[in-house]
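Reproduced below: run-v7.cif, with mmCIF, C-alpha atoms.
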```cif
data_entry
#
loop_
_atom_site.label_atom_id
_atom_site.label_comp_id
_atom_site.auth_asym_id
_atom_site.auth_seq_id
_atom_site.Cartn_x
_atom_site.Cartn_y
_atom_site.Cartn_z
CA MET J 1 0.00 0.00 0.00
CA GLY J 2 1.09 3.60 -0.22
CA GLU J 3 1.86 3.51 -3.92
CA PRO J 4 2.86 6.85 -5.45
CA ARG J 5 0.14 6.61 -8.07
CA PRO J 6 -3.47 7.26 -7.02
CA PRO J 7 -6.07 4.65 -8.00
CA ASP J 8 -7.99 5.18 -11.24
CA SER J 9 -11.26 7.06 -10.91
CA TYR J 10 -14.35 4.98 -10.30
CA GLY J 11 -18.05 5.70 -10.47
CA ASP J 12 -18.93 2.86 -8.11
CA ILE J 13 -16.32 1.02 -6.11
CA ASN J 14 -18.21 -2.29 -6.19
CA GLU J 15 -18.53 -2.24 -9.95
CA ALA J 16 -14.89 -1.19 -10.36
CA VAL J 17 -13.67 -4.05 -8.19
CA ARG J 18 -15.86 -6.61 -9.92
CA THR J 19 -14.69 -5.45 -13.34
CA GLU J 20 -11.02 -5.73 -12.32
CA TRP J 21 -11.59 -9.12 -10.73
CA GLU J 22 -13.26 -10.38 -13.91
CA ALA J 23 -10.40 -9.06 -16.06
CA GLU J 24 -7.72 -10.73 -13.91
CA THR J 25 -9.32 -14.17 -13.42
CA THR J 26 -10.81 -17.00 -15.48
CA PRO J 27 -14.43 -18.15 -15.04
CA ALA J 28 -13.12 -21.39 -13.49
CA GLU J 29 -11.14 -19.43 -10.88
CA ARG J 30 -14.13 -17.22 -10.07
CA VAL J 31 -16.52 -20.15 -9.70
CA LYS J 32 -14.08 -21.81 -7.30
CA ASP J 33 -13.59 -18.54 -5.41
CA VAL J 34 -17.36 -18.16 -4.95
CA ILE J 35 -18.10 -21.75 -3.90
CA ARG J 36 -15.01 -21.92 -1.62
CA HIS J 37 -16.85 -20.15 1.21
CA THR J 38 -20.43 -21.05 0.26
CA TYR J 39 -21.56 -23.45 2.99
CA ALA J 40 -25.32 -23.40 2.33
CA PRO J 41 -26.55 -25.09 -0.88
CA VAL J 42 -27.09 -22.74 -3.84
CA THR J 43 -28.03 -23.14 -7.51
CA ALA J 44 -25.58 -22.93 -10.39
CA GLY J 45 -27.41 -19.75 -11.42
CA ALA J 46 -26.70 -18.10 -8.08
CA VAL J 47 -23.02 -19.02 -8.33
CA ALA J 48 -22.97 -17.70 -11.92
CA ASP J 49 -24.28 -14.27 -10.81
CA GLU J 50 -21.57 -13.99 -8.16
CA ALA J 51 -18.86 -15.38 -10.44
CA GLN J 52 -19.88 -13.08 -13.32
CA THR J 53 -20.33 -15.87 -15.84
CA THR J 54 -23.20 -17.84 -17.41
CA ALA J 55 -25.15 -20.51 -15.55
CA LYS J 56 -23.95 -23.04 -18.12
CA THR J 57 -20.28 -22.22 -17.48
CA ALA J 58 -20.80 -22.16 -13.71
CA ARG J 59 -22.51 -25.57 -13.80
CA LYS J 60 -19.71 -27.07 -15.89
CA HIS J 61 -17.04 -25.94 -13.40
CA LEU J 62 -19.16 -26.87 -10.36
CA GLU J 63 -19.59 -30.40 -11.74
CA THR J 64 -15.83 -30.71 -12.17
CA LEU J 65 -15.29 -29.43 -8.60
CA ALA J 66 -17.86 -31.97 -7.38
CA GLU J 67 -15.94 -34.79 -9.09
CA ASP J 68 -12.76 -33.54 -7.39
CA GLY J 69 -14.50 -33.57 -3.99
CA PHE J 70 -14.27 -29.79 -3.50
CA VAL J 71 -18.04 -29.41 -3.82
CA THR J 72 -21.00 -31.41 -2.47
CA THR J 73 -24.22 -31.62 -4.49
CA THR J 74 -27.78 -32.03 -3.20
CA GLN J 75 -31.20 -32.03 -4.85
CA GLY J 76 -33.30 -28.92 -4.33
CA GLU J 77 -37.07 -28.95 -3.84
CA ARG J 78 -37.88 -28.68 -7.53
CA GLY J 79 -35.23 -31.13 -8.66
CA ALA J 80 -32.54 -28.53 -9.31
CA THR J 81 -29.00 -29.51 -8.34
CA LEU J 82 -27.66 -27.43 -5.46
CA TYR J 83 -23.98 -26.93 -4.72
CA ARG J 84 -21.93 -26.09 -1.64
CA ARG J 85 -18.34 -26.43 -0.42
CA SER J 86 -17.79 -29.97 0.84
CA ASP J 87 -16.93 -30.52 4.51
CA GLU J 88 -14.36 -33.16 3.51
CA SER J 89 -12.37 -30.72 1.42
CA LEU J 90 -12.52 -28.05 4.16
CA ILE J 91 -11.13 -30.60 6.62
CA THR J 92 -8.37 -31.93 4.37
CA GLU J 93 -7.36 -28.42 3.29
CA ARG J 94 -7.03 -27.28 6.91
CA ALA J 95 -5.18 -30.48 7.83
CA SER J 96 -2.66 -29.91 5.03
CA ARG J 97 -2.17 -26.33 6.21
CA LEU J 98 -1.50 -27.45 9.78
CA LEU J 99 0.68 -30.46 8.89
CA ALA J 100 2.84 -28.22 6.69
CA GLU J 101 3.80 -26.31 9.88
CA TYR J 102 3.51 -28.78 12.74
CA SER J 103 4.16 -32.47 13.48
CA PRO J 104 1.20 -34.62 14.58
CA GLU J 105 2.74 -34.63 18.09
CA GLU J 106 2.87 -30.83 18.25
CA LEU J 107 -0.71 -30.68 17.02
CA ALA J 108 -1.82 -33.23 19.60
CA ALA J 109 -0.44 -30.93 22.32
CA ARG J 110 -2.44 -28.02 20.90
CA VAL J 111 -5.54 -30.24 20.74
CA ALA J 112 -5.17 -30.97 24.47
CA GLU J 113 -4.80 -27.24 25.16
CA LEU J 114 -7.94 -26.37 23.18
CA GLN J 115 -9.89 -29.14 24.91
CA GLU J 116 -8.84 -27.64 28.24
CA LYS J 117 -10.10 -24.28 26.99
CA LEU J 118 -13.52 -25.73 26.22
CA TYR J 119 -13.59 -27.30 29.67
CA GLN J 120 -12.79 -23.90 31.20
CA TYR J 121 -15.64 -22.24 29.27
CA ARG J 122 -18.09 -24.84 30.58
CA GLU J 123 -16.80 -24.44 34.15
CA THR J 124 -16.69 -20.64 34.09
CA TYR J 125 -20.13 -20.08 32.63
CA GLY J 126 -21.90 -23.15 34.00
CA VAL J 127 -23.38 -24.12 30.64
CA GLU J 128 -22.58 -26.94 28.23
CA SER J 129 -22.39 -25.03 24.97
CA PRO J 130 -21.85 -21.53 23.54
CA GLU J 131 -25.42 -21.65 22.19
CA GLU J 132 -26.71 -22.15 25.72
CA LEU J 133 -24.55 -19.26 26.86
CA ALA J 134 -25.97 -17.07 24.07
CA VAL J 135 -29.50 -17.78 25.29
CA ARG J 136 -28.52 -16.93 28.86
CA LEU J 137 -26.76 -13.73 27.80
CA GLY J 138 -29.85 -12.72 25.86
CA SER J 139 -32.00 -12.81 28.98
CA ASP J 140 -29.35 -11.39 31.32
CA ALA J 141 -28.76 -8.38 29.07
CA LEU J 142 -32.27 -7.16 29.91
CA ASP J 143 -31.70 -7.35 33.68
CA ASP J 144 -28.16 -6.09 33.80
CA ALA J 145 -27.46 -3.08 31.65
CA ASP J 146 -24.23 -2.12 33.44
CA PRO J 147 -21.51 -2.53 30.79
CA ASP J 148 -18.88 -3.35 33.44
CA THR J 149 -20.65 -6.40 34.76
CA ARG J 150 -22.54 -7.44 31.63
CA LEU J 151 -20.94 -10.46 29.99
CA ASP J 152 -19.59 -9.68 26.58
CA ARG J 153 -21.19 -11.69 23.81
CA SER J 154 -17.78 -12.07 22.19
CA VAL J 155 -17.23 -15.02 24.56
CA VAL J 156 -19.87 -16.90 22.55
CA THR J 157 -17.95 -16.33 19.33
CA GLU J 158 -14.62 -17.22 21.00
CA TRP J 159 -16.06 -20.46 22.35
CA GLN J 160 -17.59 -21.38 18.98
CA THR J 161 -14.29 -20.54 17.28
CA VAL J 162 -12.24 -22.76 19.58
CA ARG J 163 -14.72 -25.61 19.12
CA ARG J 164 -14.53 -25.33 15.31
CA ASN J 165 -10.73 -25.06 15.23
CA LEU J 166 -10.41 -27.99 17.65
CA ALA J 167 -12.43 -30.16 15.26
CA PHE J 168 -10.05 -29.26 12.42
CA ALA J 169 -6.94 -29.83 14.58
CA ASN J 170 -8.24 -33.23 15.69
CA ALA J 171 -8.73 -34.24 12.06
CA ALA J 172 -5.22 -33.03 11.23
CA VAL J 173 -3.72 -35.18 14.01
CA SER J 174 -5.54 -38.26 12.70
CA ILE J 175 -4.61 -37.58 9.08
CA GLY J 176 -1.00 -36.88 10.08
CA LYS J 177 -0.72 -40.10 12.07
CA ALA J 178 -2.36 -42.14 9.32
CA THR J 179 0.02 -40.61 6.78
CA GLU J 180 3.06 -41.47 8.94
CA HIS J 181 1.78 -44.99 9.41
CA ILE J 182 1.18 -45.60 5.72
CA ALA J 183 4.48 -43.98 4.70
CA GLY J 184 6.31 -46.00 7.39
CA GLY J 185 4.77 -49.22 6.10
CA ARG J 186 5.81 -48.40 2.56
CA SER J 187 9.48 -47.70 3.43
CA SER J 188 9.95 -50.50 6.00
CA SER J 189 10.62 -54.08 5.03
CA THR J 190 7.93 -55.23 7.46
CA PRO J 191 4.45 -55.00 5.96
CA ALA J 192 2.47 -52.19 7.64
CA VAL J 193 -0.39 -54.53 8.54
CA ASN J 194 1.92 -56.53 10.79
CA SER J 195 3.82 -53.65 12.35
CA GLN J 196 1.54 -53.07 15.35
CA MET W 1 -9.53 -4.95 19.15
CA ALA W 2 -8.74 -1.31 19.69
CA GLY W 3 -11.72 0.87 20.51
CA ASP W 4 -14.02 -2.03 19.89
CA ASP W 5 -17.10 -2.39 22.03
CA VAL W 6 -19.26 -4.22 19.52
CA ALA W 7 -17.43 -7.53 19.34
CA HIS W 8 -20.59 -9.05 20.74
CA ARG W 9 -22.39 -8.35 17.50
CA LEU W 10 -20.56 -11.03 15.54
CA ARG W 11 -22.59 -14.18 15.08
CA GLY W 12 -21.03 -17.62 14.72
CA ALA W 13 -17.53 -19.07 14.88
CA VAL W 14 -14.70 -17.13 13.25
CA ASP W 15 -14.10 -18.76 9.87
CA GLY W 16 -10.34 -19.34 9.77
CA ASP W 17 -10.49 -20.41 6.15
CA VAL W 18 -11.93 -17.04 5.14
CA LEU W 19 -9.13 -15.33 7.10
CA PHE W 20 -6.60 -17.27 5.00
CA THR W 21 -8.41 -16.24 1.80
CA VAL W 22 -8.46 -12.58 2.86
CA ARG W 23 -4.79 -12.77 3.87
CA ASP W 24 -3.80 -14.09 0.45
CA GLU W 25 -5.88 -11.47 -1.36
CA PHE W 26 -4.43 -8.65 0.77
CA LEU W 27 -0.92 -9.77 -0.13
CA ARG W 28 -1.81 -9.88 -3.83
CA GLN W 29 -3.30 -6.36 -3.72
CA ALA W 30 -0.74 -4.87 -1.32
CA PRO W 31 2.48 -6.86 -1.73
CA LEU W 32 4.42 -4.74 0.79
CA ALA W 33 2.00 -5.42 3.60
CA THR W 34 2.50 -8.23 6.09
CA ALA W 35 -0.57 -10.29 6.92
CA ALA W 36 -0.88 -13.11 9.43
CA VAL W 37 -3.54 -14.87 11.46
CA ASP W 38 -3.03 -14.69 15.23
CA ASP W 39 -2.72 -18.47 15.66
CA LEU W 40 -2.54 -20.99 12.84
CA VAL W 41 -4.16 -23.75 14.93
CA ASN W 42 -6.85 -21.54 16.49
CA PRO W 43 -7.26 -18.63 14.09
CA SER W 44 -9.55 -15.89 15.41
CA VAL W 45 -8.28 -12.68 13.82
CA LEU W 46 -6.23 -11.65 10.78
CA VAL W 47 -3.81 -8.75 11.30
CA VAL W 48 -2.53 -6.83 8.28
CA GLU W 49 0.32 -4.40 8.92
CA LEU W 50 0.71 -1.71 6.27
CA THR W 51 3.92 0.11 5.42
CA ALA W 52 2.19 3.50 5.38
CA GLY W 53 -0.63 5.29 7.13
CA LEU W 54 -3.33 7.72 6.07
CA ARG W 55 -1.61 10.49 8.03
CA ASP W 56 2.04 11.43 7.75
CA GLU W 57 4.64 9.44 9.69
CA SER W 58 2.21 6.79 10.70
CA THR W 59 1.63 3.19 9.76
CA GLY W 60 -1.74 1.52 9.71
CA ARG W 61 -3.10 -1.92 10.39
CA PHE W 62 -6.30 -3.79 9.63
CA GLU W 63 -7.75 -6.35 12.03
CA ILE W 64 -10.21 -8.61 10.29
CA GLN W 65 -12.73 -11.12 11.55
CA TRP W 66 -15.24 -13.08 9.49
CA THR W 67 -17.64 -15.72 10.77
CA THR W 68 -19.25 -18.83 9.31
CA GLU W 69 -22.55 -16.88 9.44
CA GLY W 70 -21.18 -14.25 7.06
CA ASP W 71 -20.67 -11.53 9.68
CA TYR W 72 -17.49 -9.55 9.27
CA LYS W 73 -15.45 -6.65 10.62
CA PHE W 74 -12.60 -4.80 8.92
CA HIS W 75 -11.19 -2.59 11.65
CA TYR W 76 -8.50 -0.05 10.76
CA THR W 77 -6.16 1.53 13.33
CA GLU W 78 -3.35 4.00 13.20
CA LYS W 79 -2.23 6.69 15.62
CA ALA W 80 -5.39 8.48 16.84
CA LEU W 81 -7.39 7.14 13.93
CA ASP W 82 -9.86 4.25 13.83
CA PHE W 83 -12.65 3.25 11.48
CA ARG W 84 -14.43 0.04 10.68
CA TRP W 85 -16.61 -1.63 8.09
CA GLY W 86 -19.00 -4.23 9.41
CA HIS W 87 -21.66 -6.55 8.10
CA HIS W 88 -24.14 -8.42 10.25
CA PRO W 89 -26.68 -10.13 8.00
CA HIS W 90 -28.61 -11.52 10.96
CA GLY W 91 -28.34 -8.54 13.24
CA GLY W 92 -30.37 -5.56 12.13
CA ASP W 93 -28.29 -3.74 14.74
CA TYR W 94 -28.14 -0.44 12.92
CA ASP W 95 -30.77 1.39 10.99
CA VAL W 96 -28.93 1.21 7.68
CA PRO W 97 -30.00 -0.56 4.48
CA GLY W 98 -28.54 -4.01 3.93
CA ASP W 99 -26.97 -4.51 7.39
CA ALA W 100 -23.57 -3.39 6.07
CA HIS W 101 -22.27 -0.28 7.75
CA PHE W 102 -19.30 1.97 8.38
CA HIS W 103 -18.08 3.29 11.70
CA PRO W 104 -16.36 6.52 10.68
CA PRO W 105 -13.06 8.03 11.75
CA PRO W 106 -11.51 9.33 13.89
CA ASN W 107 -12.74 6.84 16.50
CA ALA W 108 -14.87 4.28 14.63
CA SER W 109 -17.90 5.72 16.41
CA THR W 110 -20.69 3.31 17.30
CA HIS W 111 -23.17 6.11 17.99
CA PRO W 112 -26.29 5.51 15.88
CA ASN W 113 -26.13 9.07 14.51
CA ASP W 114 -22.59 8.50 13.22
CA VAL W 115 -22.83 5.02 11.74
CA GLU W 116 -23.24 5.18 7.94
CA PRO W 117 -24.35 2.63 5.35
CA SER W 118 -21.33 0.81 3.91
CA CYS W 119 -20.09 1.73 0.45
CA PHE W 120 -19.68 -2.01 -0.15
CA THR W 121 -22.52 -4.08 -1.57
CA VAL W 122 -20.58 -7.24 -2.47
CA HIS W 123 -19.84 -9.27 0.64
CA ARG W 124 -17.44 -11.95 -0.51
CA PRO W 125 -13.94 -12.22 0.93
CA THR W 126 -11.82 -11.65 -2.20
CA VAL W 127 -13.97 -8.94 -3.76
CA LEU W 128 -14.49 -7.06 -0.49
CA THR W 129 -10.76 -7.16 0.29
CA ARG W 130 -10.03 -5.63 -3.11
CA GLY W 131 -12.58 -2.92 -2.37
CA VAL W 132 -11.10 -2.13 1.05
CA VAL W 133 -7.59 -1.81 -0.41
CA LYS W 134 -8.88 0.39 -3.24
CA ASN W 135 -10.78 2.69 -0.90
CA TRP W 136 -7.81 2.93 1.47
CA HIS W 137 -5.68 3.96 -1.51
CA ALA W 138 -8.15 6.67 -2.48
CA ALA W 139 -8.03 8.02 1.09
CA TYR W 140 -4.24 7.79 1.11
CA HIS W 141 -4.04 10.07 -1.92
CA ASP W 142 -6.95 12.41 -1.35
CA GLY W 143 -7.73 12.42 2.35
CA LEU W 144 -10.00 10.83 4.92
CA ASP W 145 -13.14 12.22 3.24
CA GLU W 146 -12.72 9.54 0.57
CA LEU W 147 -13.29 6.77 3.11
CA ASN W 148 -16.51 4.84 2.49
CA HIS W 149 -17.28 6.88 -0.62
CA PRO W 150 -18.44 4.67 -3.50
CA ARG W 151 -17.28 7.25 -6.08
CA TYR W 152 -13.74 8.52 -6.63
CA SER W 153 -12.26 10.94 -9.15
CA THR W 154 -8.64 11.91 -9.38
#
```
Mind turning this structure into structure tokens?
Amino acid sequence: MGEPRPPDSYGDINEAVRTEWEAETTPAERVKDVIRHTYAPVTAGAVADEAQTTAKTARKHLETLAEDGFVTTTQGERGATLYRRSDESLITERASRLLAEYSPEELAARVAELQEKLYQYRETYGVESPEELAVRLGSDALDDADPDTRLDRSVVTEWQTVRRNLAFANAAVSIGKATEHIAGGRSSSTPAVNSQ
Amino acid sequence: MAGDDVAHRLRGAVDGDVLFTVRDEFLRQAPLATAAVDDLVNPSVLVVELTAGLRDESTGRFEIQWTTEGDYKFHYTEKALDFRWGHHPHGGDYDVPGDAHFHPPPNASTHPNDVEPSCFTVHRPTVLTRGVVKNWHAAYHDGLDELNHPRYST
């Protein structure tokens, strides 16, 4: 940032950004970009609008992404195929990210730490889940308007975030251990099935 | 986050994968910036450090959160200057069209009279990040009045 040259004039920043994005990317890249963080099922037409391409082109790329496991398909009410990012690919992508930086043993230590965090949330707030805490905060907020004593709702988001990241880290540990096991079996003279 | 008393308005878990997407897009659009999530294993916020600020002899930073429910915050801080774009599709917290809003400088005010509708109407990580960088650039060259303005002329 802080380039010497000012940006080109624009009449509407949203249109300007979309035009640039379209010029710098292929339809396949845009379809993948849109579906990457689409977790609720949508039609190919909806993806096409966001990806600035035709429904036909969007469908073609979504079908390819479904074959690759990046996308999950379901049937909509009127028989239309609906698309969303697949959970499996979210999990394996996160696992690859984590295993590129940490060993399964290091990750297992972080898993234990995050589990302890969840335990502390339950102990501190006396509820079993962040959703339960959200309900309680909703009713307490009416009784207790003092901002110093009122519990901040951000705890709910923090708790939900730890829970989600713990699920990913757990999967990464399992995938990492399985990978080590399979790789070990391949390189060792002893067949992996007999090694343990 | 600095000057932030509306963290409670975010709904849902922070979506670490969106933070990685935004990080990568920031680095494409602003190659000199540094961008990193707070914790790779338990990502909860993306911090982008810029090499310049909107005022002289200052450097700025964005702190970004985005949830699985599609809520987001792009909070900007530099010396004595804060502003923030937010989007809370489930909230209806502010009386602005479309639930996307802007807390203006200098202190990212949360007072209902100060909060403005957001200039951004496309709420996807890559496209929004491009918009934020573009608008920051406009303000860098022509002053803070350009912030959150959909139109820009040199």
Pick from J:Leu166, J:Leu137, J:Ala44, J:Ala183, whichever lies nearest to chain W using only C-alpha atoms: J:Leu166
Residues around (-16.2, -22.2, -10.2), cut-off 12 Å, counting all atoms listed in the file - what are they as a ChimeraX atom specification? /J:25-38,44-66,70-71,83-85
Limited to C-alpha atoms, could you put the picked residues into a file as a PDB file, in the frame of the given file?
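What landed in again-v3.pdb:
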```
ATOM      1  CA  THR J  25      -9.320 -14.170 -13.420  1.00  0.00           C
ATOM      2  CA  THR J  26     -10.810 -17.000 -15.480  1.00  0.00           C
ATOM      3  CA  PRO J  27     -14.430 -18.150 -15.040  1.00  0.00           C
ATOM      4  CA  ALA J  28     -13.120 -21.390 -13.490  1.00  0.00           C
ATOM      5  CA  GLU J  29     -11.140 -19.430 -10.880  1.00  0.00           C
ATOM      6  CA  ARG J  30     -14.130 -17.220 -10.070  1.00  0.00           C
ATOM      7  CA  VAL J  31     -16.520 -20.150  -9.700  1.00  0.00           C
ATOM      8  CA  LYS J  32     -14.080 -21.810  -7.300  1.00  0.00           C
ATOM      9  CA  ASP J  33     -13.590 -18.540  -5.410  1.00  0.00           C
ATOM     10  CA  VAL J  34     -17.360 -18.160  -4.950  1.00  0.00           C
ATOM     11  CA  ILE J  35     -18.100 -21.750  -3.900  1.00  0.00           C
ATOM     12  CA  ARG J  36     -15.010 -21.920  -1.620  1.00  0.00           C
ATOM     13  CA  HIS J  37     -16.850 -20.150   1.210  1.00  0.00           C
ATOM     14  CA  THR J  38     -20.430 -21.050   0.260  1.00  0.00           C
ATOM     15  CA  ALA J  44     -25.580 -22.930 -10.390  1.00  0.00           C
ATOM     16  CA  GLY J  45     -27.410 -19.750 -11.420  1.00  0.00           C
ATOM     17  CA  ALA J  46     -26.700 -18.100  -8.080  1.00  0.00           C
ATOM     18  CA  VAL J  47     -23.020 -19.020  -8.330  1.00  0.00           C
ATOM     19  CA  ALA J  48     -22.970 -17.700 -11.920  1.00  0.00           C
ATOM     20  CA  ASP J  49     -24.280 -14.270 -10.810  1.00  0.00           C
ATOM     21  CA  GLU J  50     -21.570 -13.990  -8.160  1.00  0.00           C
ATOM     22  CA  ALA J  51     -18.860 -15.380 -10.440  1.00  0.00           C
ATOM     23  CA  GLN J  52     -19.880 -13.080 -13.320  1.00  0.00           C
ATOM     24  CA  THR J  53     -20.330 -15.870 -15.840  1.00  0.00           C
ATOM     25  CA  THR J  54     -23.200 -17.840 -17.410  1.00  0.00           C
ATOM     26  CA  ALA J  55     -25.150 -20.510 -15.550  1.00  0.00           C
ATOM     27  CA  LYS J  56     -23.950 -23.040 -18.120  1.00  0.00           C
ATOM     28  CA  THR J  57     -20.280 -22.220 -17.480  1.00  0.00           C
ATOM     29  CA  ALA J  58     -20.800 -22.160 -13.710  1.00  0.00           C
ATOM     30  CA  ARG J  59     -22.510 -25.570 -13.800  1.00  0.00           C
ATOM     31  CA  LYS J  60     -19.710 -27.070 -15.890  1.00  0.00           C
ATOM     32  CA  HIS J  61     -17.040 -25.940 -13.400  1.00  0.00           C
ATOM     33  CA  LEU J  62     -19.160 -26.870 -10.360  1.00  0.00           C
ATOM     34  CA  GLU J  63     -19.590 -30.400 -11.740  1.00  0.00           C
ATOM     35  CA  THR J  64     -15.830 -30.710 -12.170  1.00  0.00           C
ATOM     36  CA  LEU J  65     -15.290 -29.430  -8.600  1.00  0.00           C
ATOM     37  CA  ALA J  66     -17.860 -31.970  -7.380  1.00  0.00           C
ATOM     38  CA  PHE J  70     -14.270 -29.790  -3.500  1.00  0.00           C
ATOM     39  CA  VAL J  71     -18.040 -29.410  -3.820  1.00  0.00           C
ATOM     40  CA  TYR J  83     -23.980 -26.930  -4.720  1.00  0.00           C
ATOM     41  CA  ARG J  84     -21.930 -26.090  -1.640  1.00  0.00           C
ATOM     42  CA  ARG J  85     -18.340 -26.430  -0.420  1.00  0.00           C
TER      43      ARG J  85
END
```
So that each row is one residue of chain J with an atom at most 9 Å from chain W, can you give its shortest atom pair and the distance in Å to one decimal, using all atoms listed in the file, rows by chain and rising number, as a Markdown table?
```
| residue | atom | partner | partner_atom | distance |
| --- | --- | --- | --- | --- |
| J:Met1 | CA | W:Ala30 | CA | 5.1 |
| J:Gly2 | CA | W:Ala52 | CA | 5.7 |
| J:Glu3 | CA | W:His137 | CA | 7.9 |
| J:Pro4 | CA | W:His141 | CA | 8.4 |
| J:Arg5 | CA | W:His141 | CA | 8.2 |
| J:Pro6 | CA | W:His141 | CA | 5.9 |
| J:Pro7 | CA | W:Ala138 | CA | 6.2 |
| J:Asp8 | CA | W:Thr154 | CA | 7.0 |
| J:Ser9 | CA | W:Ser153 | CA | 4.4 |
| J:Tyr10 | CA | W:Tyr152 | CA | 5.1 |
| J:Gly11 | CA | W:Arg151 | CA | 4.7 |
| J:Asp12 | CA | W:Pro150 | CA | 5.0 |
| J:Ile13 | CA | W:Pro150 | CA | 5.0 |
| J:Asn14 | CA | W:Phe120 | CA | 6.2 |
| J:Ala16 | CA | W:Gly131 | CA | 8.5 |
| J:Val17 | CA | W:Gly131 | CA | 6.0 |
| J:Arg18 | CA | W:Val127 | CA | 6.9 |
| J:Trp21 | CA | W:Val127 | CA | 7.4 |
| J:Asp33 | CA | W:Thr126 | CA | 7.8 |
| J:Val34 | CA | W:Arg124 | CA | 7.6 |
| J:Arg36 | CA | W:Val18 | CA | 8.9 |
| J:His37 | CA | W:Val18 | CA | 7.0 |
| J:Tyr39 | CA | W:Thr68 | CA | 8.2 |
| J:Glu50 | CA | W:Val122 | CA | 8.9 |
| J:Leu90 | CA | W:Asp17 | CA | 8.2 |
| J:Arg94 | CA | W:Asp17 | CA | 7.7 |
| J:Arg97 | CA | W:Leu40 | CA | 8.5 |
| J:Leu98 | CA | W:Val41 | CA | 6.9 |
| J:Glu101 | CA | W:Leu40 | CA | 8.8 |
| J:Leu107 | CA | W:Val41 | CA | 8.0 |
| J:Arg110 | CA | W:Val41 | CA | 7.5 |
| J:Val111 | CA | W:Val41 | CA | 8.8 |
| J:Leu114 | CA | W:Asn42 | CA | 8.3 |
| J:Asp152 | CA | W:His8 | CA | 6.0 |
| J:Arg153 | CA | W:His8 | CA | 4.1 |
| J:Ser154 | CA | W:His8 | CA | 4.4 |
| J:Val155 | CA | W:His8 | CA | 7.8 |
| J:Val156 | CA | W:Gly12 | CA | 7.9 |
| J:Thr157 | CA | W:Ala13 | CA | 5.2 |
| J:Glu158 | CA | W:Ala13 | CA | 7.0 |
| J:Trp159 | CA | W:Ala13 | CA | 7.7 |
| J:Gln160 | CA | W:Ala13 | CA | 4.7 |
| J:Thr161 | CA | W:Ala13 | CA | 4.3 |
| J:Val162 | CA | W:Asn42 | CA | 6.3 |
| J:Arg163 | CA | W:Ala13 | CA | 8.3 |
| J:Arg164 | CA | W:Ala13 | CA | 7.0 |
| J:Asn165 | CA | W:Asn42 | CA | 5.4 |
| J:Leu166 | CA | W:Asn42 | CA | 7.5 |
| J:Phe168 | CA | W:Val41 | CA | 8.4 |
| J:Ala169 | CA | W:Val41 | CA | 6.7 |
```
List the residues selected by the PyMOL selection byres ((chain W and resi 46) around 9) in the file shown, writing them as a ChimeraX atom specification. /W:16,19-20,22-23,35-38,43-45,47-48,62-65
Expected file contents, prior selection, C-alpha atoms, as a PDB file, keeping the file's coordinate frame:
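The result, written out as result.pdb:
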```
ATOM      1  CA  GLY W  16     -10.340 -19.340   9.770  1.00  0.00           C
ATOM      2  CA  LEU W  19      -9.130 -15.330   7.100  1.00  0.00           C
ATOM      3  CA  PHE W  20      -6.600 -17.270   5.000  1.00  0.00           C
ATOM      4  CA  VAL W  22      -8.460 -12.580   2.860  1.00  0.00           C
ATOM      5  CA  ARG W  23      -4.790 -12.770   3.870  1.00  0.00           C
ATOM      6  CA  ALA W  35      -0.570 -10.290   6.920  1.00  0.00           C
ATOM      7  CA  ALA W  36      -0.880 -13.110   9.430  1.00  0.00           C
ATOM      8  CA  VAL W  37      -3.540 -14.870  11.460  1.00  0.00           C
ATOM      9  CA  ASP W  38      -3.030 -14.690  15.230  1.00  0.00           C
ATOM     10  CA  PRO W  43      -7.260 -18.630  14.090  1.00  0.00           C
ATOM     11  CA  SER W  44      -9.550 -15.890  15.410  1.00  0.00           C
ATOM     12  CA  VAL W  45      -8.280 -12.680  13.820  1.00  0.00           C
ATOM     13  CA  VAL W  47      -3.810  -8.750  11.300  1.00  0.00           C
ATOM     14  CA  VAL W  48      -2.530  -6.830   8.280  1.00  0.00           C
ATOM     15  CA  PHE W  62      -6.300  -3.790   9.630  1.00  0.00           C
ATOM     16  CA  GLU W  63      -7.750  -6.350  12.030  1.00  0.00           C
ATOM     17  CA  ILE W  64     -10.210  -8.610  10.290  1.00  0.00           C
ATOM     18  CA  GLN W  65     -12.730 -11.120  11.550  1.00  0.00           C
TER      19      GLN W  65
END
```
So how many Å separate atom CA of Arg61 of chain W and atom CA of Lys73 of chain W, to one decimal? 13.2 Å
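One finds atom CA of His101 of chain W at 10.8 Å from atom CA of Pro89 of chain W.
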